[in-house]
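> Have a peek at start.tsv (TSV, C-alpha atoms).
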chain	number	residue	atom	x	y	z
L	13	MET	CA	21.14	-24.58	16.32
L	14	LYS	CA	22.85	-26.56	19.12
L	15	TRP	CA	26.49	-27.08	19.98
L	16	ASN	CA	27.75	-30.59	20.75
L	17	LYS	CA	30.07	-29.48	23.58
L	18	PRO	CA	29.46	-27.09	26.51
L	19	ILE	CA	30.26	-23.42	26.09
L	20	ILE	CA	32.59	-21.96	28.72
L	21	LEU	CA	33.12	-18.40	27.55
L	22	PHE	CA	31.09	-16.01	25.41
L	23	MET	CA	32.57	-12.98	23.70
L	24	VAL	CA	29.75	-10.61	22.74
L	25	PHE	CA	30.12	-7.45	20.69
L	26	ASN	CA	27.14	-5.16	20.17
L	27	LEU	CA	26.76	-2.22	17.81
L	28	LYS	CA	23.60	-0.13	17.81
L	29	LEU	CA	22.94	2.90	15.63
L	30	VAL	CA	19.66	4.68	16.26
L	31	PHE	CA	18.52	7.79	14.42
L	32	PHE	CA	15.17	9.39	15.27
L	33	LEU	CA	14.08	12.51	13.45
L	34	GLN	CA	10.82	12.89	15.34
L	35	ALA	CA	9.13	11.46	18.44
L	36	GLN	CA	10.43	8.05	19.44
L	37	ASP	CA	8.52	4.80	19.32
L	38	LEU	CA	8.59	2.54	22.34
L	39	HIS	CA	11.81	0.56	22.13
L	40	PHE	CA	14.46	-1.15	24.24
L	41	SER	CA	18.24	-0.83	24.06
L	42	GLN	CA	18.49	-4.62	24.42
L	43	PHE	CA	16.70	-5.07	21.11
L	44	PHE	CA	17.58	-8.77	20.98
L	45	ASN	CA	15.27	-9.31	23.97
L	46	ALA	CA	12.31	-7.74	22.14
L	47	PRO	CA	12.20	-9.83	18.94
L	48	LEU	CA	8.57	-9.25	17.97
L	49	THR	CA	8.74	-5.45	18.16
L	50	ASP	CA	11.97	-5.40	16.14
L	51	ASN	CA	10.57	-7.49	13.31
L	52	PRO	CA	7.30	-9.45	13.02
L	53	ALA	CA	9.17	-12.04	10.93
L	54	ASN	CA	10.79	-13.12	14.21
L	55	THR	CA	7.41	-14.51	15.32
L	56	GLY	CA	7.82	-18.25	15.72
L	57	PHE	CA	11.53	-18.09	14.84
L	58	ILE	CA	12.65	-20.11	17.87
L	59	PRO	CA	15.53	-22.46	16.98
L	60	ASP	CA	15.60	-24.40	20.27
L	61	ALA	CA	11.96	-24.42	21.42
L	62	ASP	CA	8.34	-24.58	20.30
L	63	TYR	CA	7.26	-21.43	22.11
L	64	ARG	CA	8.65	-18.61	24.25
L	65	LEU	CA	7.51	-15.94	26.66
L	66	GLY	CA	9.36	-12.77	27.56
L	67	ALA	CA	9.09	-9.51	29.48
L	68	SER	CA	11.15	-6.32	29.67
L	69	ILE	CA	10.98	-3.48	32.19
L	70	ARG	CA	12.85	-0.20	31.77
L	71	GLU	CA	12.95	2.82	34.09
L	72	GLN	CA	14.68	6.04	33.02
L	73	TRP	CA	15.81	9.11	34.99
L	74	ALA	CA	14.62	7.67	38.31
L	75	SER	CA	17.29	9.60	40.25
L	76	ILE	CA	16.37	12.91	38.61
L	77	LEU	CA	12.62	12.96	37.91
L	78	SER	CA	9.86	12.63	40.46
L	79	ASN	CA	7.91	10.76	37.76
L	80	PRO	CA	10.52	8.64	35.96
L	81	TYR	CA	9.82	7.17	32.55
L	82	LYS	CA	8.64	3.56	32.81
L	83	THR	CA	8.25	1.10	29.95
L	84	VAL	CA	6.97	-2.48	30.22
L	85	SER	CA	6.74	-5.10	27.47
L	86	ILE	CA	5.26	-8.60	27.57
L	87	PHE	CA	5.35	-10.91	24.56
L	88	GLY	CA	4.78	-14.51	23.58
L	89	ASP	CA	4.98	-16.53	20.38
L	90	ALA	CA	4.87	-20.12	19.21
L	91	GLN	CA	5.49	-22.36	16.21
L	92	VAL	CA	2.36	-23.87	14.68
L	93	LEU	CA	1.71	-26.35	11.84
L	94	ARG	CA	5.33	-27.49	12.12
L	95	ASN	CA	4.42	-30.98	10.95
L	96	LYS	CA	1.75	-29.92	8.46
L	97	ILE	CA	3.80	-27.77	6.08
L	98	GLU	CA	6.70	-29.33	4.18
L	99	ASN	CA	9.97	-27.68	5.29
L	100	GLY	CA	8.07	-24.75	6.77
L	101	TRP	CA	5.85	-23.56	9.59
L	102	LEU	CA	3.81	-20.63	10.84
L	103	GLY	CA	4.54	-18.40	13.81
L	104	LEU	CA	1.81	-16.82	15.94
L	105	GLY	CA	2.44	-14.27	18.66
L	106	GLY	CA	1.44	-11.11	20.46
L	107	VAL	CA	2.95	-8.13	22.28
L	108	ILE	CA	1.65	-5.74	24.93
L	109	LEU	CA	3.55	-2.49	25.54
L	110	SER	CA	2.89	0.09	28.25
L	111	ASP	CA	4.75	3.35	28.87
L	112	VAL	CA	4.32	6.33	31.23
L	113	ALA	CA	6.43	9.44	30.72
L	114	GLY	CA	6.77	12.92	32.18
L	115	SER	CA	4.87	15.05	34.67
L	116	GLY	CA	1.83	15.06	32.38
L	117	ASN	CA	1.55	11.28	32.71
L	118	LEU	CA	1.75	10.71	28.98
L	119	ARG	CA	0.60	7.09	28.86
L	120	SER	CA	1.03	4.82	25.85
L	121	THR	CA	-0.57	1.40	25.49
L	122	GLU	CA	0.01	-0.80	22.45
L	123	VAL	CA	-1.31	-4.28	21.68
L	124	TYR	CA	-0.13	-6.20	18.62
L	125	GLY	CA	-0.85	-9.60	17.10
L	126	SER	CA	1.84	-11.11	14.83
L	127	LEU	CA	1.85	-13.74	12.08
L	128	ALA	CA	4.89	-15.04	10.20
L	129	TYR	CA	5.76	-17.79	7.73
L	130	HIS	CA	9.10	-19.60	7.78
L	131	GLN	CA	10.44	-21.64	4.87
L	132	MET	CA	13.59	-23.76	4.85
L	133	LEU	CA	15.77	-23.28	1.76
L	134	ALA	CA	17.72	-26.52	1.29
L	135	ASN	CA	19.33	-27.58	4.59
L	136	SER	CA	21.39	-24.52	5.43
L	137	SER	CA	19.17	-21.45	5.29
L	138	LEU	CA	15.77	-20.12	6.28
L	139	LEU	CA	13.65	-17.32	4.82
L	140	SER	CA	10.91	-15.68	6.93
L	141	ALA	CA	8.28	-13.02	6.31
L	142	GLY	CA	5.66	-11.63	8.66
L	143	PHE	CA	3.43	-8.77	9.69
L	144	ASN	CA	1.67	-7.51	12.77
L	145	LEU	CA	-1.53	-5.55	13.28
L	146	GLY	CA	-2.09	-3.55	16.41
L	147	TRP	CA	-4.05	-1.02	18.37
L	148	ALA	CA	-2.33	1.92	20.05
L	149	ASN	CA	-3.71	4.39	22.58
L	150	LYS	CA	-2.17	7.53	24.07
L	151	SER	CA	-3.57	9.67	26.87
L	152	ILE	CA	-2.36	12.66	28.85
L	153	ASP	CA	-3.39	14.50	32.03
L	154	VAL	CA	-3.89	18.06	30.81
L	155	SER	CA	-4.33	19.38	34.37
L	156	LYS	CA	-0.66	18.62	35.04
L	157	LEU	CA	0.65	20.52	32.02
L	158	THR	CA	1.86	24.10	31.63
L	159	PHE	CA	2.47	25.96	28.36
L	160	PRO	CA	4.87	28.73	27.22
L	161	ASP	CA	2.29	31.52	27.59
L	162	GLN	CA	1.84	30.58	31.27
L	163	PHE	CA	5.36	31.73	32.18
L	164	ASN	CA	5.08	34.72	34.54
L	165	GLY	CA	8.71	35.76	34.32
L	166	THR	CA	9.81	33.58	37.23
L	167	PHE	CA	8.11	30.22	36.83
L	168	PHE	CA	5.28	28.53	34.94
L	169	ASP	CA	1.95	29.24	36.61
L	170	ALA	CA	-0.80	26.72	35.76
L	171	GLN	CA	-3.39	29.21	37.03
L	172	LEU	CA	-2.69	31.63	34.18
L	173	PRO	CA	-4.85	31.36	31.03
L	174	THR	CA	-3.37	29.70	27.97
L	175	SER	CA	-4.10	29.78	24.27
L	176	ALA	CA	-3.07	26.13	23.93
L	177	VAL	CA	-6.18	24.02	23.42
L	178	LEU	CA	-6.12	20.23	23.17
L	179	ASN	CA	-8.95	18.78	21.13
L	180	ALA	CA	-8.63	15.49	23.01
L	181	ASN	CA	-6.63	14.01	25.87
L	182	ASN	CA	-7.05	10.43	24.61
L	183	VAL	CA	-6.35	9.17	21.07
L	184	SER	CA	-6.35	5.68	19.51
L	185	TYR	CA	-5.35	4.30	16.13
L	186	PHE	CA	-4.53	1.07	14.29
L	187	ASP	CA	-0.95	0.34	13.29
L	188	MET	CA	0.87	-2.14	11.04
L	189	GLN	CA	4.43	-3.45	10.67
L	190	VAL	CA	5.92	-5.79	8.03
L	191	GLY	CA	9.29	-7.50	7.85
L	192	MET	CA	11.44	-10.33	6.58
L	193	ASN	CA	14.45	-12.34	7.84
L	194	TYR	CA	17.14	-14.56	6.40
L	195	ALA	CA	19.22	-17.04	8.41
L	196	TYR	CA	22.24	-18.97	7.13
L	197	PHE	CA	23.75	-21.91	9.05
L	198	PRO	CA	26.05	-23.98	6.80
L	199	ASP	CA	27.60	-25.90	9.73
L	200	GLU	CA	27.57	-26.15	13.52
L	201	LYS	CA	30.22	-23.44	13.82
L	202	THR	CA	28.49	-20.72	11.81
L	203	TYR	CA	25.14	-18.98	12.15
L	204	ILE	CA	24.34	-15.66	10.41
L	205	HIS	CA	21.01	-13.89	10.69
L	206	PHE	CA	19.76	-10.53	9.40
L	207	GLY	CA	16.40	-8.84	8.90
L	208	TYR	CA	14.59	-5.76	7.66
L	209	SER	CA	11.26	-4.35	8.78
L	210	ILE	CA	9.08	-1.26	8.30
L	211	ASP	CA	6.97	0.25	11.07
L	212	HIS	CA	3.80	2.34	10.59
L	213	VAL	CA	3.16	1.06	7.06
L	214	ASN	CA	-0.36	2.51	7.18
L	215	LYS	CA	1.00	5.90	8.40
L	216	PRO	CA	-1.55	6.44	11.18
L	217	THR	CA	-2.46	9.84	12.62
L	218	GLU	CA	-1.56	10.68	16.20
L	219	THR	CA	-2.26	14.09	17.77
L	220	PHE	CA	-3.98	15.69	20.76
L	221	PHE	CA	-4.56	18.83	18.69
L	222	SER	CA	-6.56	19.40	15.53
L	223	THR	CA	-5.19	17.57	12.49
L	224	ASN	CA	-2.79	19.74	10.54
L	225	GLY	CA	-1.94	18.03	7.28
L	226	ASP	CA	0.99	15.61	7.50
L	227	SER	CA	2.30	17.05	10.79
L	228	SER	CA	0.21	14.55	12.78
L	229	THR	CA	1.06	11.52	10.61
L	230	ILE	CA	3.47	9.04	12.16
L	231	PRO	CA	6.29	8.64	9.61
L	232	ILE	CA	7.42	5.26	8.37
L	233	ARG	CA	10.33	3.82	10.35
L	234	GLN	CA	12.88	1.33	9.04
L	235	ILE	CA	14.74	-1.24	11.15
L	236	ILE	CA	17.76	-3.25	10.01
L	237	PHE	CA	19.52	-5.72	12.27
L	238	ALA	CA	22.08	-8.49	11.97
L	239	ASP	CA	23.65	-10.98	14.33
L	240	ALA	CA	25.86	-14.02	14.16
L	241	ILE	CA	27.20	-16.88	16.25
L	242	LEU	CA	30.72	-17.89	15.27
L	243	LYS	CA	32.31	-20.78	17.14
L	244	VAL	CA	36.05	-20.20	17.28
L	245	ASN	CA	36.74	-23.28	19.38
L	246	ASN	CA	35.17	-25.25	22.22
L	247	ILE	CA	35.50	-22.41	24.74
L	248	ILE	CA	35.09	-19.21	22.68
L	249	ILE	CA	32.06	-18.06	20.74
L	250	ILE	CA	31.87	-14.64	19.09
L	251	ASN	CA	28.37	-13.15	18.99
L	252	PRO	CA	28.34	-9.78	17.14
L	253	ASN	CA	25.07	-7.80	16.88
L	254	ALA	CA	24.23	-4.71	14.83
L	255	TYR	CA	21.03	-2.63	14.89
L	256	PHE	CA	20.04	0.41	12.82
L	257	THR	CA	16.76	2.31	12.83
L	258	ALA	CA	15.67	5.57	11.23
L	259	ARG	CA	12.62	7.40	9.98
L	260	ASN	CA	12.95	7.81	6.26
L	261	ALA	CA	10.97	10.63	4.66
L	262	CYS	CA	11.56	9.28	1.16
L	263	LEU	CA	9.34	6.28	1.97
L	264	GLU	CA	6.43	8.52	2.83
Would you kindly transcribe this structure into structure tokens?


Amino acid sequence: MKWNKPIILFMVFNLKLVFFLQAQDLHFSQFFNAPLTDNPANTGFIPDADYRLGASIREQWASILSNPYKTVSIFGDAQVLRNKIENGWLGLGGVILSDVAGSGNLRSTEVYGSLAYHQMLANSSLLSAGFNLGWANKSIDVSKLTFPDQFNGTFFDAQLPTSAVLNANNVSYFDMQVGMNYAYFPDEKTYIHFGYSIDHVNKPTETFFSTNGDSSTIPIRQIIFADAILKVNNIIIINPNAYFTARNACLE
């Protein structure tokens, strides 16, 4: 959607609610700059262009930790078959995520390919659905870890024996996410967009220890987001955003 006159002032309000019951997935607080990881239905949903490329870099606790947490994301997507499908098109894209955390150098690498379909509904709304398939790998440097039974009363001594045994220091698995979006734009002053997606649909297993029932299964995660662009006048645009994510045991 494009405005006919230049925009002088933006008023942006953001609301983000995030609830994690277990280990966190790789994510960014500026979720609107990571569209493909939020929802695969965003693949190829590019109102003002045919393709886009993006990157995000996040560093946490750099002033406190000698090995700060670092997360990097690179993504790209494009519209295809725009002139071949009546009132619709396909979106193709991909994402690469890399993360290093903690003194044990817990390293995560994720690579996803995304596909989405977008269908115009009349002239004022758009319905999208998509999915992504990916490969994830996690590794850890066991030599840099200490465990509770290595505490000597004063500090943790890596030279002491431990009963903690890791079956592997490198694990890989396939992952899948599905989602859908709806956008409503009745005129040049109003644009409303919301979506819903589910991560880890295939409930993959992730553990460095021996498998112990469901304790090593990554639970399904739900993501709901909404945003809007509301043109008040020629100099003020209101752009509210809302984001909610949670692991929901009832879906498992």

> Could you tell me how far atom CA of Gln189 of chain L sits from atom CA of Phe221 of chain L, in Å to one decimal place?

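Interatomic distance here is 25.3 Å.
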
> If you measure from atom CA of Gln91 of chain L to atom CA of Pro47 of chain L, what distance in Å do you get, rounded to one decimal?

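Answer for the atom CA of Gln91 of chain L to atom CA of Pro47 of chain L separation: 14.5 Å.
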
> Of the candidates L:Glu98, L:Thr229, L:Glu200, L:Arg259, which shows the shortest atom-to-atom distance to Lys243 of chain L, using all atoms listed in the file?

L:Glu200

> Record the distance separating atom CA of Ile230 of chain L and atom CA of Asn182 of chain L, expressed in Å with one decimal.

16.4 Å

> With distances taken over all atoms listed in the file, which of L:Lys82, L:Thr257, L:Val92, L:Thr121 is nearest to Ala61 of chain L?

L:Val92

> Taking into account only C-alpha atoms, which residue in the set L:Val190, L:Leu139, L:Leu109, L:Leu102 is nearest to Arg70 of chain L?

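When distances to Arg70 of chain L are compared using only C-alpha atoms, the smallest one comes from L:Leu109.
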
> Extract, using all atoms listed in the file, all DNA, RNA and protein residues at most 7 Å from Ile152 of chain L, discarding same-chain residues fewer than 3 positions from it, and format them as a compact mmCIF listing (two decimals) with C-alpha atoms, in the frame of the given file.


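Result went into selection13.txt, see below:
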# COMPACT_ATOMS: atom_id res chain seq x y z
CA GLY L 116 1.83 15.06 32.38
CA ASN L 117 1.55 11.28 32.71
CA LEU L 118 1.75 10.71 28.98
CA ARG L 119 0.60 7.09 28.86
CA ASN L 181 -6.63 14.01 25.87
CA ASN L 182 -7.05 10.43 24.61

> Fewer than 6 positions away in the same chain doesn't count, so skip those; otherwise give me all residues within 9 Å of Leu104 of chain L, counting all atoms listed in the file, as a list in words.

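Listing them by chain and then by number gives Thr55, Gly56, Gly88, Asp89, Ala90, Gln91, Val92, Gly125, Ser126, Leu127 and Ala128 of chain L.
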
> Restricting the calculation to all atoms listed in the file: of L:Glu218, L:Asp187, L:Asp239, L:Asp211, which residue gets closest to Ser151 of chain L?

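Nearest to Ser151 of chain L: L:Glu218.
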
> Could you pull the residues within 10 Å of Thr202 of chain L, counting all atoms listed in the file, minus those fewer than 6 positions along the same chain, as a list in words?

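Here the qualifying residues turn out to be Met13, Tyr196, Ala240, Ile241, Leu242, Lys243, Val244 and Ile249 of chain L.
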
> Here's a test: counting only C-alpha atoms, identify every protein, DNA and RNA residue with an atom at most 12 Å from (-4.6, 1.2, 20.2) in the file's coordinate frame, and state them as JSON, numbers by chain.

{"L": [108, 109, 110, 119, 120, 121, 122, 123, 124, 125, 145, 146, 147, 148, 149, 150, 151, 182, 183, 184, 185, 186, 187, 188, 216, 217, 218]}

> Hey, what's within 10 Å of Met192 of chain L if we count all atoms listed in the file and toss same-chain stuff fewer than 6 positions away? As an MDAnalysis selection string, please?

chainID L and resid 51:54 128:130 139:143 206:210
